[in-house]
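Following: one structure in structure tokens, then a few remarks.
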Amino acid sequence: METVQLCEDEILLPSEIEFHNAAKTNNLEKMLYLINRGVDVRAKNSADRTALHWAAGAGHEQAVKLLLEHDVCVDEEDNFGMNALLLGAWFGHLRILQILVNAGAKINCENKNGLNLLQCAAQRGHIKVMEFIMEDLEDIKLDKVNKLGRTAFHLAAEHGQMEVVEFLIGSGCQHSLKDKENNTALHLAAKNGHTEVLQKIVEIGVEFNDTNLEGLTALHLAVEGGHFDCVKVLLDAGCNVNVQTEKLMNCLHYTALHGHEEIARALIDAGININAVNHQNSSALHISVLQNFPTMVKLLIDCECDLDITDYRLQTPLHITAEHGRQDMAETILIAGVNLKLQDKQGKTSLDVAARGNHINLADMIIKADRFYKWEKDTLNSDSDSWVARHLTFRQDHRLETQHIRSVIWRLATKYLKPNEWKKLAHYWKFTDAHIRAIEQQWTGTKSYRDHGHRMLLIWLHGVVMAGENPIKGLYEGLVGIGRRDLAESIRKKANAEPDSPKKCTAM
């Protein structure tokens with residue numbers, strides 16, 4: 001007596017395993033030998049699959065005929081509900097279907113997912129098999145649905161089977177049926193990026209703006225998947241770009257979520273609402289910042305989106321950059337010009353958020369911007385064509401031409417200014433209390449006033465350079481203003497004595 005092979009997922013005897021392998025490879029001689037030895041031709045493996053399943057799936061006509069001659073059950077199902085007929089349709093073996101049908105196989109079978117013969121063949125793109133099913137078999141419903149509510153047309157569109165789509169359209173299938181998630185074939189083609197199929201479905205005149213249960217149109221799904229060509233097909237067809245989902249997401253929100261810049265440009269050109277907000281009151285700009293897509297942020301700003309929209313936390317996009325310490329994005333936003341006084345639900349401005357997160361350079365950038373906005377309002381009237389606007393930056397200054405004055409500032413802050421004198425200078429130069437608090441937020445010990453003073457002086461220098469003023473003159477006047485004429489005179493004399501000093505203090 002044969003012993004059962006010791007395998008966790010195998011329950012066949014060794015001879016039955018040999019028989020299955022022979023059926024897989026169409027080894028008729030081996031199959032006949034084992035049959036004559038008394039092998040169980042109906043034996044099932046751990047997935048309930050018989051030798052007939054293997055032979056039918058592999059398209060071995062002779063093996064299938066041999067098994068049928070030995071009275072195997074033609075309609076036996078495996079664990080997935082697949083019988084030999086369904087496997088023949090799935091793998092596109094027309095001759096196998098014909099043999100099995102002639103042997104009395106039930107043609108209205110379906111697997112555990114509710115797929116029938118036509119749907120199996122449609123999903124896999126087997127036109128010849130489909131033609132046989134539709135022309136030679138009776139009672140096959142063209143628009144029969146599976147357990148997801150999808151017809152053969154849905155499945156062909158989902159899997160990009162262009163020839164099948166054309167066949168089904170020619171056969172008179174219904175074009176706009178919805179599955180259990182309210183997806184049409186148009187949705188499924190768009191979601192999976194099947195451009196040719198999508199174009200074909202568009203041409204037959206379906207509704208472009210149908211929404212599924214989540215409120216997504218075909219355009220939403222094409223955008224979310226990053227399928228630019230599908231997006232173009234739908235836009236050219238005239239679909240509504242401003243439909244919002246159940247969560248109030250428009251297509252631009254999805255481009256922001258995934259960084260699809262090229263698609264975003266197409267949507268903007270098509271007239272999408274660039275400032276639409278979702279259920280969290282987030283605009284596309286909020287999402288782009290949060291997802292860390294700098295080029296998307298730049299694109300939205302260049303297209304003049306609203307930078308001051310606040311989300312459900314009352315945070316602007318700048319608040320989010322400050323929270324995450326994203327200097328590149330902050331620079332882009334600050335140069336564009338924002339309202340720095342806006343507070344979130346905790347009463348914090350973007351400067352407060354940056355300082356609290358210890359994002360020192362970013363906090364300094366915001367202070368520079370705040371001071372620049374005021375100076376610009378007072379002097380330039382926001383002339384975007386000005387030299388300043390074209391060369392504007394709020395980053396740390398590492399330029400060679402300011403190296404001398406920066407070294408003067410470093411020595412002043414670290415060697416000569418006493419505690420709290422930097423604050424006096426800050427007030428003299430009209431730094432606000434919020435600016436000073438943000439600088440002081442970074443505590444580095446009892447001598448931290450040196451670092452604070454240095455940061456304040458560099459911020460002040462930024463404004464002086466932008467205004468085209470003499471920094472040595474400004475330092476002199478500031479030091480005199482806080483009662484440190486000794487330091488002022490020392491700096492003036494040293495500056496005037498150094499021939500390489502960029503700007504001598506000759507006016508003093």
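In the structure tokens, each chain is lettered A, B, ... as it comes, each chain's residues begin at 1, and ligands are numbered from 1 in order of appearance.
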Please provide as a ChimeraX atom specification all residues within 8 Å of A:Thr316, with the sequence filter that same-chain residues fewer than 3 positions apart are discarded (counting only C-alpha atoms). /A:286,307-311,319-320,342,344
Any chance you could tabulate, as a Markdown table, the residues of stretch 83-120 of chain A at most 9 Å from stretch 47-55 of chain A with each one's nearest atom pair and distance in Å to one decimal, using only C-alpha atoms, in chain and rising number order?
| residue | atom | partner | partner_atom | distance |
| --- | --- | --- | --- | --- |
| A:Asn83 | CA | A:His53 | CA | 6.6 |
| A:Ala84 | CA | A:His53 | CA | 4.9 |
| A:Leu85 | CA | A:His53 | CA | 8.6 |
| A:Leu87 | CA | A:His53 | CA | 7.1 |
| A:Gly88 | CA | A:His53 | CA | 8.8 |
For A:Leu487, find every residue with an atom within 12 Å (counting only C-alpha atoms), except residues of its own chain fewer than 4 positions away, and show them as an NGL selection string. :A and (408-409 or 411-413 or 415-418 or 421 or 472 or 475-483 or 491-494)
Need to verify the contact set: A:Phe153, 12 Å, only C-alpha atoms, exclusion of same-chain residues closer than 3 positions in sequence. Can you return it as a compact mmCIF listing (two decimals) with N, CA, C and O atoms, in the first residue's frame?
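Listed below is the output, part02.txt:
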# COMPACT_ATOMS: atom_id res chain seq x y z
N LEU A 118 -17.81 33.75 -20.51
CA LEU A 118 -17.59 34.95 -21.30
C LEU A 118 -16.68 35.94 -20.56
O LEU A 118 -15.80 36.56 -21.15
N GLN A 119 -16.90 36.07 -19.27
CA GLN A 119 -16.11 37.02 -18.47
C GLN A 119 -14.66 36.57 -18.33
O GLN A 119 -13.73 37.38 -18.39
N CYS A 120 -14.46 35.26 -18.17
CA CYS A 120 -13.09 34.74 -18.10
C CYS A 120 -12.34 35.04 -19.39
O CYS A 120 -11.19 35.51 -19.37
N ALA A 121 -12.97 34.78 -20.52
CA ALA A 121 -12.33 35.01 -21.81
C ALA A 121 -12.15 36.49 -22.07
O ALA A 121 -11.11 36.92 -22.61
N ALA A 122 -13.11 37.32 -21.67
CA ALA A 122 -13.03 38.76 -21.90
C ALA A 122 -11.90 39.40 -21.12
O ALA A 122 -11.14 40.22 -21.64
N GLN A 123 -11.77 39.02 -19.86
CA GLN A 123 -10.72 39.58 -19.02
C GLN A 123 -9.33 39.27 -19.56
O GLN A 123 -8.41 40.07 -19.45
N ARG A 124 -9.22 38.09 -20.18
CA ARG A 124 -7.92 37.65 -20.68
C ARG A 124 -7.70 37.97 -22.16
O ARG A 124 -6.62 37.76 -22.69
N GLY A 125 -8.74 38.48 -22.83
CA GLY A 125 -8.57 38.93 -24.21
C GLY A 125 -8.64 37.85 -25.26
O GLY A 125 -8.05 38.00 -26.33
N LYS A 141 -25.54 35.17 -21.25
CA LYS A 141 -25.97 36.57 -21.17
C LYS A 141 -24.78 37.51 -21.36
O LYS A 141 -23.79 37.42 -20.64
N LEU A 142 -24.91 38.40 -22.32
CA LEU A 142 -23.84 39.33 -22.66
C LEU A 142 -23.49 40.26 -21.50
O LEU A 142 -22.32 40.59 -21.28
N ASP A 143 -24.50 40.67 -20.74
CA ASP A 143 -24.28 41.66 -19.67
C ASP A 143 -24.43 41.05 -18.28
O ASP A 143 -24.73 41.76 -17.30
N LYS A 144 -24.19 39.77 -18.18
CA LYS A 144 -24.22 39.11 -16.87
C LYS A 144 -23.14 39.71 -15.96
O LYS A 144 -22.03 40.02 -16.42
N VAL A 145 -23.45 39.89 -14.69
CA VAL A 145 -22.48 40.53 -13.78
C VAL A 145 -21.87 39.50 -12.83
O VAL A 145 -22.50 38.50 -12.48
N ASN A 146 -20.63 39.76 -12.42
CA ASN A 146 -19.99 38.92 -11.41
C ASN A 146 -20.32 39.44 -10.02
O ASN A 146 -21.18 40.31 -9.86
N GLY A 149 -20.37 43.02 -9.49
CA GLY A 149 -21.32 43.76 -10.33
C GLY A 149 -20.74 44.15 -11.67
O GLY A 149 -21.25 45.05 -12.34
N ARG A 150 -19.66 43.46 -12.10
CA ARG A 150 -18.99 43.82 -13.34
C ARG A 150 -19.33 42.86 -14.48
O ARG A 150 -19.33 41.63 -14.28
N ALA A 156 -13.12 43.78 -19.59
CA ALA A 156 -12.27 44.06 -20.74
C ALA A 156 -11.69 45.47 -20.66
O ALA A 156 -10.51 45.69 -20.96
N ALA A 157 -12.50 46.44 -20.23
CA ALA A 157 -12.02 47.81 -20.08
C ALA A 157 -11.00 47.90 -18.96
O ALA A 157 -9.96 48.58 -19.10
N GLU A 158 -11.25 47.22 -17.86
CA GLU A 158 -10.34 47.25 -16.71
C GLU A 158 -8.96 46.70 -17.07
O GLU A 158 -7.93 47.20 -16.59
N HIS A 159 -8.94 45.68 -17.92
CA HIS A 159 -7.68 45.01 -18.24
C HIS A 159 -7.11 45.43 -19.59
O HIS A 159 -6.14 44.85 -20.07
N GLY A 160 -7.71 46.45 -20.19
CA GLY A 160 -7.14 47.01 -21.41
C GLY A 160 -7.24 46.12 -22.64
O GLY A 160 -6.39 46.19 -23.52
N GLN A 161 -8.28 45.30 -22.70
CA GLN A 161 -8.44 44.38 -23.83
C GLN A 161 -9.22 45.07 -24.94
O GLN A 161 -10.43 44.96 -25.07
N MET A 162 -8.47 45.79 -25.79
CA MET A 162 -9.09 46.63 -26.82
C MET A 162 -9.93 45.82 -27.81
O MET A 162 -11.07 46.19 -28.14
N GLU A 163 -9.41 44.72 -28.28
CA GLU A 163 -10.14 43.91 -29.26
C GLU A 163 -11.43 43.37 -28.67
O GLU A 163 -12.47 43.33 -29.35
N VAL A 164 -11.37 43.00 -27.41
CA VAL A 164 -12.57 42.50 -26.73
C VAL A 164 -13.60 43.61 -26.56
O VAL A 164 -14.80 43.40 -26.76
N VAL A 165 -13.13 44.80 -26.19
CA VAL A 165 -14.03 45.94 -26.05
C VAL A 165 -14.78 46.19 -27.35
O VAL A 165 -16.01 46.37 -27.38
N GLU A 166 -14.07 46.19 -28.44
CA GLU A 166 -14.70 46.41 -29.74
C GLU A 166 -15.68 45.29 -30.08
O GLU A 166 -16.78 45.53 -30.60
N PHE A 167 -15.32 44.05 -29.75
CA PHE A 167 -16.20 42.91 -29.99
C PHE A 167 -17.50 43.05 -29.20
O PHE A 167 -18.60 42.82 -29.72
N LEU A 168 -17.38 43.41 -27.93
CA LEU A 168 -18.56 43.52 -27.07
C LEU A 168 -19.45 44.69 -27.49
O LEU A 168 -20.69 44.58 -27.46
N ILE A 169 -18.83 45.80 -27.89
CA ILE A 169 -19.62 46.93 -28.39
C ILE A 169 -20.37 46.50 -29.65
O ILE A 169 -21.57 46.77 -29.80
N GLY A 170 -19.68 45.79 -30.53
CA GLY A 170 -20.32 45.30 -31.74
C GLY A 170 -21.40 44.28 -31.48
O GLY A 170 -22.35 44.13 -32.27
N SER A 171 -21.29 43.60 -30.34
CA SER A 171 -22.30 42.59 -29.98
C SER A 171 -23.51 43.20 -29.29
O SER A 171 -24.47 42.49 -28.97
N GLY A 172 -23.43 44.51 -29.01
CA GLY A 172 -24.57 45.20 -28.43
C GLY A 172 -24.63 45.21 -26.92
O GLY A 172 -25.71 45.32 -26.32
N CYS A 173 -23.46 45.15 -26.25
CA CYS A 173 -23.46 45.20 -24.79
C CYS A 173 -23.89 46.58 -24.31
O CYS A 173 -23.84 47.56 -25.05
N GLN A 174 -24.32 46.64 -23.05
CA GLN A 174 -24.68 47.93 -22.46
C GLN A 174 -23.39 48.64 -22.02
O GLN A 174 -22.54 48.05 -21.36
N HIS A 175 -23.29 49.92 -22.36
CA HIS A 175 -22.04 50.65 -22.17
C HIS A 175 -21.90 51.33 -20.82
O HIS A 175 -20.79 51.57 -20.35
N SER A 176 -23.01 51.66 -20.19
CA SER A 176 -22.96 52.53 -19.02
C SER A 176 -23.40 51.86 -17.73
O SER A 176 -23.71 52.53 -16.75
N LEU A 177 -23.43 50.52 -17.73
CA LEU A 177 -23.79 49.82 -16.49
C LEU A 177 -22.76 50.12 -15.40
O LEU A 177 -21.58 50.29 -15.69
N LYS A 178 -23.21 50.15 -14.16
CA LYS A 178 -22.32 50.44 -13.04
C LYS A 178 -22.16 49.19 -12.17
O LYS A 178 -23.11 48.43 -11.97
N ASP A 179 -20.94 49.00 -11.67
CA ASP A 179 -20.70 47.86 -10.78
C ASP A 179 -21.15 48.23 -9.36
O ASP A 179 -21.80 49.26 -9.15
N ASN A 183 -18.84 52.08 -10.48
CA ASN A 183 -17.88 52.33 -11.55
C ASN A 183 -18.45 51.87 -12.89
O ASN A 183 -18.98 50.76 -12.99
N THR A 184 -18.31 52.70 -13.90
CA THR A 184 -18.61 52.29 -15.26
C THR A 184 -17.34 51.74 -15.90
O THR A 184 -16.25 51.84 -15.31
N ALA A 185 -17.48 51.20 -17.10
CA ALA A 185 -16.29 50.75 -17.83
C ALA A 185 -15.33 51.91 -18.06
O ALA A 185 -14.10 51.73 -18.06
N LEU A 186 -15.88 53.11 -18.23
CA LEU A 186 -15.05 54.30 -18.42
C LEU A 186 -14.17 54.54 -17.20
O LEU A 186 -12.98 54.87 -17.32
N HIS A 187 -14.75 54.40 -16.00
CA HIS A 187 -13.98 54.53 -14.77
C HIS A 187 -12.80 53.55 -14.75
O HIS A 187 -11.66 53.93 -14.44
N LEU A 188 -13.08 52.30 -15.08
CA LEU A 188 -12.07 51.25 -14.93
C LEU A 188 -10.95 51.41 -15.95
O LEU A 188 -9.77 51.17 -15.64
N ALA A 189 -11.30 51.82 -17.17
CA ALA A 189 -10.27 52.06 -18.18
C ALA A 189 -9.38 53.23 -17.77
O ALA A 189 -8.15 53.17 -17.90
N VAL A 197 -8.50 52.06 -25.05
CA VAL A 197 -9.81 51.58 -24.62
C VAL A 197 -10.67 52.76 -24.17
O VAL A 197 -11.85 52.86 -24.52
N ILE A 201 -14.31 54.02 -25.69
CA ILE A 201 -15.54 54.15 -24.90
C ILE A 201 -16.07 55.58 -24.99
O ILE A 201 -17.29 55.80 -25.07
Among stretch 49-232 of chain A, which residues carry a DSSP assignment of alpha helix (DSSP H), reported as a compact mmCIF listing (two decimals) with N, CA and C atoms, in the first residue's frame?
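Final file, states.txt:
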# COMPACT_ATOMS: atom_id res chain seq x y z
N ALA A 51 -6.55 16.10 -12.30
CA ALA A 51 -5.73 16.02 -13.52
C ALA A 51 -6.42 16.72 -14.68
N LEU A 52 -7.76 16.68 -14.72
CA LEU A 52 -8.49 17.33 -15.80
C LEU A 52 -8.30 18.85 -15.76
N HIS A 53 -8.26 19.41 -14.55
CA HIS A 53 -7.99 20.85 -14.43
C HIS A 53 -6.65 21.20 -15.08
N TRP A 54 -5.61 20.41 -14.76
CA TRP A 54 -4.27 20.71 -15.29
C TRP A 54 -4.23 20.57 -16.81
N ALA A 55 -4.82 19.52 -17.31
CA ALA A 55 -4.79 19.28 -18.75
C ALA A 55 -5.57 20.35 -19.50
N ALA A 56 -6.73 20.73 -18.98
CA ALA A 56 -7.56 21.75 -19.64
C ALA A 56 -6.88 23.11 -19.59
N GLY A 57 -6.32 23.45 -18.45
CA GLY A 57 -5.65 24.73 -18.31
C GLY A 57 -4.44 24.87 -19.20
N ALA A 58 -3.76 23.73 -19.44
CA ALA A 58 -2.57 23.74 -20.29
C ALA A 58 -2.90 23.59 -21.77
N GLU A 61 -5.20 18.75 -25.53
CA GLU A 61 -6.42 18.11 -26.03
C GLU A 61 -6.40 16.60 -25.80
N GLN A 62 -5.29 15.95 -26.11
CA GLN A 62 -5.23 14.49 -26.00
C GLN A 62 -5.38 14.03 -24.56
N ALA A 63 -4.74 14.75 -23.65
CA ALA A 63 -4.85 14.39 -22.23
C ALA A 63 -6.29 14.57 -21.75
N VAL A 64 -6.94 15.64 -22.19
CA VAL A 64 -8.32 15.88 -21.80
C VAL A 64 -9.20 14.75 -22.33
N LYS A 65 -9.03 14.37 -23.60
CA LYS A 65 -9.84 13.30 -24.18
C LYS A 65 -9.62 11.98 -23.44
N LEU A 66 -8.37 11.69 -23.11
CA LEU A 66 -8.06 10.46 -22.38
C LEU A 66 -8.77 10.43 -21.04
N LEU A 67 -8.74 11.54 -20.33
CA LEU A 67 -9.39 11.62 -19.02
C LEU A 67 -10.90 11.47 -19.15
N LEU A 68 -11.49 12.10 -20.17
CA LEU A 68 -12.93 11.98 -20.38
C LEU A 68 -13.32 10.54 -20.70
N GLU A 69 -12.44 9.83 -21.41
CA GLU A 69 -12.70 8.43 -21.73
C GLU A 69 -12.71 7.55 -20.48
N ALA A 84 -12.88 22.69 -15.39
CA ALA A 84 -12.06 22.56 -16.59
C ALA A 84 -12.52 23.52 -17.69
N LEU A 85 -13.84 23.71 -17.82
CA LEU A 85 -14.36 24.59 -18.86
C LEU A 85 -13.95 26.04 -18.63
N LEU A 86 -14.06 26.49 -17.40
CA LEU A 86 -13.66 27.86 -17.07
C LEU A 86 -12.16 28.07 -17.27
N LEU A 87 -11.37 27.05 -16.92
CA LEU A 87 -9.92 27.16 -17.12
C LEU A 87 -9.58 27.23 -18.60
N GLY A 88 -10.31 26.47 -19.42
CA GLY A 88 -10.09 26.54 -20.86
C GLY A 88 -10.39 27.92 -21.39
N ALA A 89 -11.47 28.55 -20.90
CA ALA A 89 -11.82 29.91 -21.32
C ALA A 89 -10.79 30.92 -20.82
N TRP A 90 -10.36 30.76 -19.57
CA TRP A 90 -9.40 31.67 -18.96
C TRP A 90 -8.07 31.70 -19.73
N LEU A 94 -9.60 27.28 -27.19
CA LEU A 94 -10.88 27.07 -27.86
C LEU A 94 -11.20 25.60 -28.05
N ARG A 95 -10.23 24.83 -28.52
CA ARG A 95 -10.48 23.42 -28.79
C ARG A 95 -10.87 22.67 -27.51
N ILE A 96 -10.27 23.04 -26.38
CA ILE A 96 -10.62 22.41 -25.10
C ILE A 96 -12.08 22.67 -24.78
N LEU A 97 -12.52 23.94 -24.98
CA LEU A 97 -13.93 24.26 -24.73
C LEU A 97 -14.85 23.40 -25.58
N GLN A 98 -14.51 23.28 -26.83
CA GLN A 98 -15.36 22.49 -27.74
C GLN A 98 -15.44 21.04 -27.29
N ILE A 99 -14.31 20.47 -26.89
CA ILE A 99 -14.28 19.07 -26.43
C ILE A 99 -15.13 18.91 -25.18
N LEU A 100 -14.96 19.82 -24.23
CA LEU A 100 -15.68 19.72 -22.96
C LEU A 100 -17.19 19.94 -23.13
N VAL A 101 -17.55 20.90 -23.97
CA VAL A 101 -18.97 21.13 -24.24
C VAL A 101 -19.60 19.90 -24.87
N ASN A 102 -18.91 19.29 -25.82
CA ASN A 102 -19.41 18.07 -26.46
C ASN A 102 -19.51 16.92 -25.47
N LEU A 117 -18.05 31.96 -18.31
CA LEU A 117 -17.14 31.69 -19.43
C LEU A 117 -16.79 32.96 -20.19
N LEU A 118 -17.81 33.75 -20.51
CA LEU A 118 -17.59 34.95 -21.30
C LEU A 118 -16.68 35.94 -20.56
N GLN A 119 -16.90 36.07 -19.27
CA GLN A 119 -16.11 37.02 -18.47
C GLN A 119 -14.66 36.57 -18.33
N CYS A 120 -14.46 35.26 -18.17
CA CYS A 120 -13.09 34.74 -18.10
C CYS A 120 -12.34 35.04 -19.39
N ALA A 121 -12.97 34.78 -20.52
CA ALA A 121 -12.33 35.01 -21.81
C ALA A 121 -12.15 36.49 -22.07
N ALA A 122 -13.11 37.32 -21.67
CA ALA A 122 -13.03 38.76 -21.90
C ALA A 122 -11.90 39.40 -21.12
N GLN A 123 -11.77 39.02 -19.86
CA GLN A 123 -10.72 39.58 -19.02
C GLN A 123 -9.33 39.27 -19.56
N ARG A 124 -9.22 38.09 -20.18
CA ARG A 124 -7.92 37.65 -20.68
C ARG A 124 -7.70 37.97 -22.16
N ILE A 127 -10.49 36.45 -27.99
CA ILE A 127 -11.58 36.75 -28.91
C ILE A 127 -12.18 35.48 -29.52
N LYS A 128 -11.36 34.56 -29.98
CA LYS A 128 -11.87 33.34 -30.62
C LYS A 128 -12.76 32.55 -29.67
N VAL A 129 -12.33 32.50 -28.43
CA VAL A 129 -13.14 31.81 -27.42
C VAL A 129 -14.47 32.54 -27.22
N MET A 130 -14.42 33.86 -27.19
CA MET A 130 -15.64 34.65 -27.01
C MET A 130 -16.60 34.46 -28.18
N GLU A 131 -16.05 34.43 -29.39
CA GLU A 131 -16.89 34.22 -30.56
C GLU A 131 -17.59 32.87 -30.49
N PHE A 132 -16.87 31.85 -30.07
CA PHE A 132 -17.46 30.52 -29.92
C PHE A 132 -18.57 30.54 -28.87
N ILE A 133 -18.29 31.20 -27.74
CA ILE A 133 -19.28 31.26 -26.65
C ILE A 133 -20.55 31.95 -27.12
N MET A 134 -20.39 33.07 -27.81
CA MET A 134 -21.57 33.85 -28.22
C MET A 134 -22.32 33.20 -29.39
N GLU A 135 -21.60 32.55 -30.27
CA GLU A 135 -22.24 32.02 -31.47
C GLU A 135 -22.74 30.58 -31.32
N ASP A 136 -22.05 29.76 -30.53
CA ASP A 136 -22.37 28.34 -30.50
C ASP A 136 -23.02 27.88 -29.20
N ALA A 152 -18.72 41.58 -18.65
CA ALA A 152 -17.54 41.32 -19.49
C ALA A 152 -16.97 42.63 -20.02
N PHE A 153 -17.84 43.60 -20.30
CA PHE A 153 -17.39 44.90 -20.81
C PHE A 153 -16.57 45.62 -19.75
N HIS A 154 -17.02 45.60 -18.50
CA HIS A 154 -16.23 46.17 -17.40
C HIS A 154 -14.84 45.54 -17.36
N LEU A 155 -14.81 44.20 -17.39
CA LEU A 155 -13.55 43.49 -17.22
C LEU A 155 -12.59 43.74 -18.37
N ALA A 156 -13.12 43.78 -19.59
CA ALA A 156 -12.27 44.06 -20.74
C ALA A 156 -11.69 45.47 -20.66
N ALA A 157 -12.50 46.44 -20.23
CA ALA A 157 -12.02 47.81 -20.08
C ALA A 157 -11.00 47.90 -18.96
N GLU A 158 -11.25 47.22 -17.86
CA GLU A 158 -10.34 47.25 -16.71
C GLU A 158 -8.96 46.70 -17.07
N MET A 162 -8.47 45.79 -25.79
CA MET A 162 -9.09 46.63 -26.82
C MET A 162 -9.93 45.82 -27.81
N GLU A 163 -9.41 44.72 -28.28
CA GLU A 163 -10.14 43.91 -29.26
C GLU A 163 -11.43 43.37 -28.67
N VAL A 164 -11.37 43.00 -27.41
CA VAL A 164 -12.57 42.50 -26.73
C VAL A 164 -13.60 43.61 -26.56
N VAL A 165 -13.13 44.80 -26.19
CA VAL A 165 -14.03 45.94 -26.05
C VAL A 165 -14.78 46.19 -27.35
N GLU A 166 -14.07 46.19 -28.44
CA GLU A 166 -14.70 46.41 -29.74
C GLU A 166 -15.68 45.29 -30.08
N PHE A 167 -15.32 44.05 -29.75
CA PHE A 167 -16.20 42.91 -29.99
C PHE A 167 -17.50 43.05 -29.20
N LEU A 168 -17.38 43.41 -27.93
CA LEU A 168 -18.56 43.52 -27.07
C LEU A 168 -19.45 44.69 -27.49
N ILE A 169 -18.83 45.80 -27.89
CA ILE A 169 -19.62 46.93 -28.39
C ILE A 169 -20.37 46.50 -29.65
N GLY A 170 -19.68 45.79 -30.53
CA GLY A 170 -20.32 45.30 -31.74
C GLY A 170 -21.40 44.28 -31.48
N ALA A 185 -17.48 51.20 -17.10
CA ALA A 185 -16.29 50.75 -17.83
C ALA A 185 -15.33 51.91 -18.06
N LEU A 186 -15.88 53.11 -18.23
CA LEU A 186 -15.05 54.30 -18.42
C LEU A 186 -14.17 54.54 -17.20
N HIS A 187 -14.75 54.40 -16.00
CA HIS A 187 -13.98 54.53 -14.77
C HIS A 187 -12.80 53.55 -14.75
N LEU A 188 -13.08 52.30 -15.08
CA LEU A 188 -12.07 51.25 -14.93
C LEU A 188 -10.95 51.41 -15.95
N ALA A 189 -11.30 51.82 -17.17
CA ALA A 189 -10.27 52.06 -18.18
C ALA A 189 -9.38 53.23 -17.77
N ALA A 190 -9.98 54.29 -17.25
CA ALA A 190 -9.22 55.47 -16.82
C ALA A 190 -8.34 55.15 -15.63
N LYS A 191 -8.88 54.41 -14.68
CA LYS A 191 -8.13 54.07 -13.47
C LYS A 191 -6.86 53.29 -13.79
N THR A 195 -5.44 53.90 -22.42
CA THR A 195 -5.82 55.07 -23.21
C THR A 195 -6.66 54.70 -24.44
N GLU A 196 -6.25 53.70 -25.19
CA GLU A 196 -6.98 53.34 -26.40
C GLU A 196 -8.39 52.88 -26.08
N VAL A 197 -8.50 52.06 -25.05
CA VAL A 197 -9.81 51.58 -24.62
C VAL A 197 -10.67 52.76 -24.17
N LEU A 198 -10.08 53.66 -23.41
CA LEU A 198 -10.80 54.83 -22.94
C LEU A 198 -11.31 55.66 -24.11
N GLN A 199 -10.44 55.89 -25.09
CA GLN A 199 -10.83 56.65 -26.27
C GLN A 199 -12.00 55.99 -26.98
N LYS A 200 -11.97 54.67 -27.09
CA LYS A 200 -13.04 53.93 -27.77
C LYS A 200 -14.36 54.10 -27.02
N ILE A 201 -14.31 54.02 -25.69
CA ILE A 201 -15.54 54.15 -24.90
C ILE A 201 -16.07 55.58 -24.99
N VAL A 202 -15.18 56.55 -24.97
CA VAL A 202 -15.59 57.95 -25.14
C VAL A 202 -16.31 58.15 -26.46
N GLU A 203 -15.80 57.52 -27.51
CA GLU A 203 -16.37 57.70 -28.85
C GLU A 203 -17.78 57.15 -28.99
N ALA A 218 -14.29 59.47 -13.89
CA ALA A 218 -13.19 58.82 -14.62
C ALA A 218 -11.96 59.73 -14.62
N LEU A 219 -12.18 61.03 -14.69
CA LEU A 219 -11.05 61.97 -14.68
C LEU A 219 -10.30 61.91 -13.36
N HIS A 220 -11.02 61.85 -12.24
CA HIS A 220 -10.35 61.71 -10.94
C HIS A 220 -9.43 60.50 -10.95
N LEU A 221 -9.94 59.38 -11.45
CA LEU A 221 -9.18 58.13 -11.40
C LEU A 221 -7.97 58.17 -12.32
N ALA A 222 -8.12 58.78 -13.49
CA ALA A 222 -6.99 58.93 -14.41
C ALA A 222 -5.92 59.82 -13.79
N VAL A 223 -6.35 60.90 -13.15
CA VAL A 223 -5.42 61.83 -12.50
C VAL A 223 -4.70 61.14 -11.35
N GLU A 224 -5.46 60.46 -10.51
CA GLU A 224 -4.87 59.81 -9.34
C GLU A 224 -3.83 58.78 -9.76
N PHE A 228 -1.42 60.46 -17.81
CA PHE A 228 -1.56 61.74 -18.51
C PHE A 228 -2.35 61.60 -19.81
N ASP A 229 -2.07 60.57 -20.60
CA ASP A 229 -2.76 60.41 -21.88
C ASP A 229 -4.26 60.21 -21.68
N CYS A 230 -4.63 59.48 -20.64
CA CYS A 230 -6.05 59.29 -20.34
C CYS A 230 -6.69 60.62 -19.92
N VAL A 231 -5.96 61.38 -19.14
CA VAL A 231 -6.45 62.70 -18.73
C VAL A 231 -6.72 63.56 -19.96
N LYS A 232 -5.79 63.55 -20.91
CA LYS A 232 -5.96 64.35 -22.12
C LYS A 232 -7.18 63.91 -22.92
Do a neighbour search on stretch 426-434 of chain A at 7 Å with only C-alpha atoms, toss out local chain neighbours closer than 4 positions, and write the hits as a ChimeraX atom specification. /A:422,438,456,478
Taking 6 positions as the minimum chain separation for residues in the same chain, which residues sit within 9 Å of A:Asp451 when counting only C-alpha atoms? Answer as a list in words. Ala413, Thr414, Gln442 and Thr444 of chain A
Within 9 Å of stretch 13-21 of chain A, counting only C-alpha atoms, which residues show up once you throw out same-chain ones fewer than 3 positions away? Write them as a PyMOL selection string, please. chain A and resi 2-5+10+24-27+30-31+34-35+39-41+43-45+50-52+54-55
